[in-house]
>>> print(open('protein.cif').read())   # mmCIF, C-alpha atoms and all ligand atoms
data_final
#
loop_
_atom_site.group_PDB
_atom_site.id
_atom_site.type_symbol
_atom_site.label_atom_id
_atom_site.label_comp_id
_atom_site.auth_asym_id
_atom_site.auth_seq_id
_atom_site.Cartn_x
_atom_site.Cartn_y
_atom_site.Cartn_z
ATOM 1 C CA MET E 1 28.370 34.484 25.909
ATOM 2 C CA HIS E 2 26.917 32.800 28.913
ATOM 3 C CA ILE E 3 24.164 30.272 28.315
ATOM 4 C CA HIS E 4 22.297 29.140 31.372
ATOM 5 C CA LYS E 5 22.721 25.436 32.090
ATOM 6 C CA PHE E 6 18.996 24.741 31.737
ATOM 7 C CA GLU E 7 19.040 26.482 28.369
ATOM 8 C CA GLN E 8 22.015 24.347 27.360
ATOM 9 C CA PHE E 9 20.156 21.244 28.446
ATOM 10 C CA TRP E 10 17.140 22.033 26.252
ATOM 11 C CA ILE E 11 19.299 22.973 23.259
ATOM 12 C CA LYS E 12 21.158 19.664 23.522
ATOM 13 C CA LEU E 13 17.912 17.755 23.957
ATOM 14 C CA SER E 14 16.474 19.418 20.825
ATOM 15 C CA TYR E 15 19.492 18.473 18.731
ATOM 16 C CA GLY E 16 19.389 14.967 20.195
ATOM 17 C CA LEU E 17 15.725 14.557 19.230
ATOM 18 C CA ILE E 18 16.376 15.774 15.674
ATOM 19 C CA ALA E 19 19.269 13.305 15.343
ATOM 20 C CA PHE E 20 17.076 10.520 16.769
ATOM 21 C CA PHE E 21 14.211 11.191 14.347
ATOM 22 C CA ILE E 22 16.550 11.307 11.346
ATOM 23 C CA ALA E 23 18.109 8.040 12.544
ATOM 24 C CA THR E 24 14.685 6.338 12.781
ATOM 25 C CA VAL E 25 13.869 7.389 9.200
ATOM 26 C CA ILE E 26 17.218 6.093 7.929
ATOM 27 C CA TYR E 27 16.748 2.888 9.915
ATOM 28 C CA GLY E 28 13.308 2.393 8.350
ATOM 29 C CA PHE E 29 14.545 2.802 4.809
ATOM 30 C CA VAL E 30 17.793 0.831 5.179
ATOM 31 C CA ALA E 31 17.140 -1.909 7.706
ATOM 32 C CA MET E 32 13.394 -2.404 7.157
ATOM 33 C CA ASP E 33 13.597 -1.862 3.377
ATOM 34 C CA LEU E 34 10.774 0.676 3.351
ATOM 35 C CA LYS E 35 10.058 2.484 0.112
ATOM 36 C CA VAL E 36 7.984 5.524 -0.626
ATOM 37 C CA ILE E 37 4.980 4.689 -2.768
ATOM 38 C CA GLY E 38 5.588 5.962 -6.276
ATOM 39 C CA ASP E 39 3.772 8.893 -7.747
ATOM 40 C CA SER E 40 1.975 7.147 -10.569
ATOM 41 C CA GLY E 41 -0.040 9.968 -11.910
ATOM 42 C CA THR E 42 -3.455 11.435 -11.410
ATOM 43 C CA ILE E 43 -6.892 10.246 -12.453
ATOM 44 C CA ASP E 44 -10.384 11.723 -12.475
ATOM 45 C CA PRO E 45 -12.143 10.010 -9.549
ATOM 46 C CA GLN E 46 -15.531 10.709 -11.146
ATOM 47 C CA ASN E 47 -14.658 8.866 -14.357
ATOM 48 C CA LEU E 48 -12.992 5.638 -13.311
ATOM 49 C CA GLN E 49 -15.272 3.567 -15.558
ATOM 50 C CA ASP E 50 -13.287 4.453 -18.687
ATOM 51 C CA THR E 51 -10.003 3.344 -17.090
ATOM 52 C CA PRO E 52 -8.715 -0.100 -16.003
ATOM 53 C CA PHE E 53 -10.207 0.757 -12.576
ATOM 54 C CA GLY E 54 -13.652 0.495 -14.185
ATOM 55 C CA ASN E 55 -13.046 -3.244 -14.491
ATOM 56 C CA PRO E 56 -10.972 -3.823 -11.364
ATOM 57 C CA GLY E 57 -9.199 -7.119 -10.744
ATOM 58 C CA VAL E 58 -6.109 -9.106 -11.666
ATOM 59 C CA ARG E 59 -4.606 -8.949 -15.155
ATOM 60 C CA GLU E 60 -1.824 -11.096 -16.567
ATOM 61 C CA ILE E 61 0.871 -9.382 -18.589
ATOM 62 C CA ILE E 62 4.103 -10.509 -20.200
ATOM 63 C CA LYS E 63 6.973 -8.157 -19.442
ATOM 64 C CA ASN E 64 10.533 -8.871 -20.582
ATOM 65 C CA GLY E 65 9.479 -12.469 -21.257
ATOM 66 C CA GLU E 66 8.215 -12.952 -17.677
ATOM 67 C CA THR E 67 4.634 -13.500 -16.606
ATOM 68 C CA GLU E 68 3.625 -10.695 -14.274
ATOM 69 C CA TYR E 69 0.355 -9.543 -12.748
ATOM 70 C CA GLU E 70 -1.331 -6.183 -12.408
ATOM 71 C CA VAL E 71 -4.007 -5.685 -9.784
ATOM 72 C CA TYR E 72 -6.373 -2.726 -10.104
ATOM 73 C CA VAL E 73 -8.246 -2.003 -6.894
ATOM 74 C CA GLN E 74 -10.804 0.615 -5.927
ATOM 75 C CA THR E 75 -11.149 1.474 -2.259
ATOM 76 C CA ILE E 76 -14.748 2.482 -1.679
ATOM 77 C CA GLN E 77 -16.577 3.220 1.574
ATOM 78 C CA PHE E 78 -16.326 0.527 3.073
ATOM 79 C CA SER E 79 -14.785 -2.170 0.934
ATOM 80 C CA PHE E 80 -11.902 -3.104 -1.317
ATOM 81 C CA VAL E 81 -13.016 -3.903 -4.874
ATOM 82 C CA PRO E 82 -11.790 -6.572 -5.324
ATOM 83 C CA GLY E 83 -10.629 -7.823 -1.948
ATOM 84 C CA THR E 84 -13.701 -7.648 0.279
ATOM 85 C CA ALA E 85 -16.555 -9.425 -1.566
ATOM 86 C CA GLN E 86 -14.071 -11.779 -3.201
ATOM 87 C CA PRO E 87 -10.376 -12.123 -2.336
ATOM 88 C CA ILE E 88 -7.639 -10.877 -4.643
ATOM 89 C CA GLU E 89 -6.028 -14.070 -5.950
ATOM 90 C CA VAL E 90 -2.453 -14.034 -7.250
ATOM 91 C CA PRO E 91 0.186 -16.747 -7.687
ATOM 92 C CA ALA E 92 3.295 -16.937 -5.511
ATOM 93 C CA ASN E 93 6.734 -16.072 -6.894
ATOM 94 C CA HIS E 94 5.569 -13.725 -9.616
ATOM 95 C CA ARG E 95 5.935 -9.983 -9.783
ATOM 96 C CA VAL E 96 2.637 -8.325 -8.824
ATOM 97 C CA THR E 97 2.018 -4.604 -9.284
ATOM 98 C CA PHE E 98 -0.873 -3.012 -7.441
ATOM 99 C CA TYR E 99 -2.621 0.101 -8.758
ATOM 100 C CA ILE E 100 -5.036 1.517 -6.228
ATOM 101 C CA THR E 101 -7.276 4.539 -6.205
ATOM 102 C CA SER E 102 -10.373 5.806 -4.501
ATOM 103 C CA PRO E 103 -13.535 7.278 -6.031
ATOM 104 C CA ASP E 104 -14.813 8.774 -2.764
ATOM 105 C CA VAL E 105 -12.605 9.623 0.216
ATOM 106 C CA LEU E 106 -9.147 8.914 1.576
ATOM 107 C CA HIS E 107 -8.569 5.263 2.513
ATOM 108 C CA GLY E 108 -5.646 3.024 3.399
ATOM 109 C CA PHE E 109 -4.516 -0.260 1.890
ATOM 110 C CA ASP E 110 -2.412 -2.140 4.411
ATOM 111 C CA VAL E 111 -1.429 -5.750 3.778
ATOM 112 C CA VAL E 112 -1.269 -7.000 7.354
ATOM 113 C CA GLY E 113 2.088 -8.348 8.527
ATOM 114 C CA THR E 114 4.026 -6.956 5.550
ATOM 115 C CA ASN E 115 5.537 -3.600 4.654
ATOM 116 C CA LEU E 116 2.945 -3.142 1.877
ATOM 117 C CA ASN E 117 0.978 -0.128 3.014
ATOM 118 C CA THR E 118 -0.294 2.900 1.142
ATOM 119 C CA MET E 119 -2.822 5.660 1.373
ATOM 120 C CA THR E 120 -5.351 5.669 -1.435
ATOM 121 C CA ILE E 121 -6.299 9.151 -2.466
ATOM 122 C CA PRO E 122 -9.140 10.307 -4.742
ATOM 123 C CA GLY E 123 -7.516 11.601 -7.924
ATOM 124 C CA GLN E 124 -4.201 9.831 -7.327
ATOM 125 C CA ILE E 125 -2.963 6.367 -8.278
ATOM 126 C CA SER E 126 -0.965 4.494 -5.647
ATOM 127 C CA LYS E 127 1.366 1.926 -7.175
ATOM 128 C CA PHE E 128 3.695 -0.656 -5.661
ATOM 129 C CA THR E 129 5.256 -3.878 -6.849
ATOM 130 C CA THR E 130 5.956 -6.981 -4.816
ATOM 131 C CA ILE E 131 6.599 -10.702 -5.114
ATOM 132 C CA PHE E 132 4.769 -12.894 -2.612
ATOM 133 C CA PRO E 133 7.314 -15.629 -1.813
ATOM 134 C CA GLU E 134 4.900 -18.211 -0.412
ATOM 135 C CA ALA E 135 1.322 -19.336 -0.785
ATOM 136 C CA ARG E 136 -0.764 -18.039 2.100
ATOM 137 C CA GLU E 137 -3.615 -15.739 2.921
ATOM 138 C CA TYR E 138 -3.061 -12.080 3.781
ATOM 139 C CA GLY E 139 -5.519 -9.680 5.345
ATOM 140 C CA ILE E 140 -6.007 -6.151 4.035
ATOM 141 C CA VAL E 141 -7.187 -3.375 6.316
ATOM 142 C CA CYS E 142 -8.036 0.262 5.775
ATOM 143 C CA ASN E 143 -5.861 2.305 8.103
ATOM 144 C CA GLU E 144 -7.124 5.795 7.280
ATOM 145 C CA TYR E 145 -10.351 6.863 8.957
ATOM 146 C CA CYS E 146 -12.896 6.973 6.120
ATOM 147 C CA GLY E 147 -16.305 7.094 7.809
ATOM 148 C CA PRO E 148 -18.592 5.375 10.313
ATOM 149 C CA ALA E 149 -17.894 1.790 9.105
ATOM 150 C CA HIS E 150 -14.146 2.290 8.686
ATOM 151 C CA HIS E 151 -13.437 -0.278 11.390
ATOM 152 C CA VAL E 152 -15.069 -3.079 9.382
ATOM 153 C CA MET E 153 -13.324 -2.218 6.093
ATOM 154 C CA GLU E 154 -11.181 -5.247 5.383
ATOM 155 C CA GLY E 155 -10.309 -7.698 2.640
ATOM 156 C CA LYS E 156 -8.117 -10.620 1.669
ATOM 157 C CA ILE E 157 -5.306 -11.509 -0.692
ATOM 158 C CA ASN E 158 -5.025 -15.198 -1.492
ATOM 159 C CA VAL E 159 -1.564 -16.108 -2.660
ATOM 160 C CA VAL E 160 -1.791 -19.577 -4.207
ATOM 161 C CA PRO E 161 0.857 -21.937 -5.604
ATOM 162 C CA GLU E 162 1.347 -21.307 -9.309
ATOM 163 C CA SER E 163 -0.053 -24.755 -10.164
ATOM 164 C CA GLU E 164 -3.333 -23.907 -8.387
ATOM 165 C CA PHE E 165 -3.762 -20.435 -9.835
ATOM 166 C CA ASP E 166 -7.136 -20.209 -11.565
ATOM 167 C CA LYS E 167 -6.713 -18.036 -14.648
ATOM 168 C CA SER E 168 -10.482 -17.842 -15.146
ATOM 169 C CA THR E 169 -10.516 -15.243 -12.344
ATOM 170 C CA LEU E 170 -8.406 -12.846 -14.446
ATOM 171 C CA VAL E 171 -10.078 -9.792 -15.957
ATOM 172 C CA GLU E 172 -9.548 -8.594 -19.518
HETATM 173 CU CU CU M 201 -11.149 3.376 6.405
#
>>> encode(input="protein.cif", output="structure tokens")
Amino acid sequence: MHIHKFEQFWIKLSYGLIAFFIATVIYGFVAMDLKVIGDSGTIDPQNLQDTPFGNPGVREIIKNGETEYEVYVQTIQFSFVPGTAQPIEVPANHRVTFYITSPDVLHGFDVVGTNLNTMTIPGQISKFTTIFPEAREYGIVCNEYCGPAHHVMEGKINVVPESEFDKSTLVE
């Protein structure tokens, strides 16, 4: 069968593009250590008050004899609760698990300069675990268009040395 040389060119280019896109995905997961945000279940966005999201903030838990932290965050047009009005404060070098959901519309939760980045979806819980290796401040931005003040939706995570961590900021 004769295939015209232009046709051959476009067929080869198509296969090349597919190979390139697959390679970028593999590169992201292997070399950049990207992970897909876990499916952590669903939640009724109208009734967050009866869940840990009703009292959002940082909780201390003991897991396998280690002190870990859980951070419950609501993303609401146009702030992170907590995160915007007051920063999320966690100690360095401890495992921190974020649980994030949205009572209104789709938002993003992107910890600037890191690979911590998730969509927050009404009815879904986004969950990821990290360990902040050093004390410093991180910015959070919303990276999903969520309304007219989307561009000012931002917050902060304060990672402090363990000795300076103020446990009075924890929620029950
Ligand atoms: Cu937004």
>>> residues_near_ligand(input="protein.cif", ligand="ligand CU 201 (chain M)", cutoff="7 Å", atoms="all atoms listed in the file", output="list in words")
Phe78, His107, Gly108, Cys142, Asn143, Glu144, Tyr145, Cys146, Gly147, His150, His151 and Met153 of chain E
>>> resolve_selection(input="protein.cif", expression="the PyMOL selection byres (((chain E and resi 81) around 12) and not hetatm)", output="ChimeraX atom specification")
/E:53-58,71-80,82-88,99-103,109,140,153-157
>>> closest_residue(input="protein.cif", among="E:Leu48, E:Leu34, E:Ala135, E:Met1", to="E:Asn115", atoms="only C-alpha atoms")
E:Leu34
>>> resolve_selection(input="protein.cif", expression="the PyMOL selection byres (((chain E and resi 114) around 12) and not hetatm)", output="VMD selection string")
chain E and resid 32 to 34 109 to 113 115 to 118 130 to 133 137 to 141
>>> axis_aligned_box(input="protein.cif", around="stretch 49-65 of chain E", padding_each_side="3 Å", output="JSON")
{"center_x": -2.4, "center_y": -4.0, "center_z": -16.0, "size_x": 31.8, "size_y": 22.9, "size_z": 16.5}
>>> closest_residue(input="protein.cif", among="E:Gln49, E:Thr42, E:Thr129, E:Gln8", to="E:Tyr69", atoms="all atoms listed in the file")
E:Thr129
>>> closest_residue(input="protein.cif", among="E:Leu106, E:Leu170, E:Phe9, E:Ile22", to="E:Pro45", atoms="all atoms listed in the file")
E:Leu106
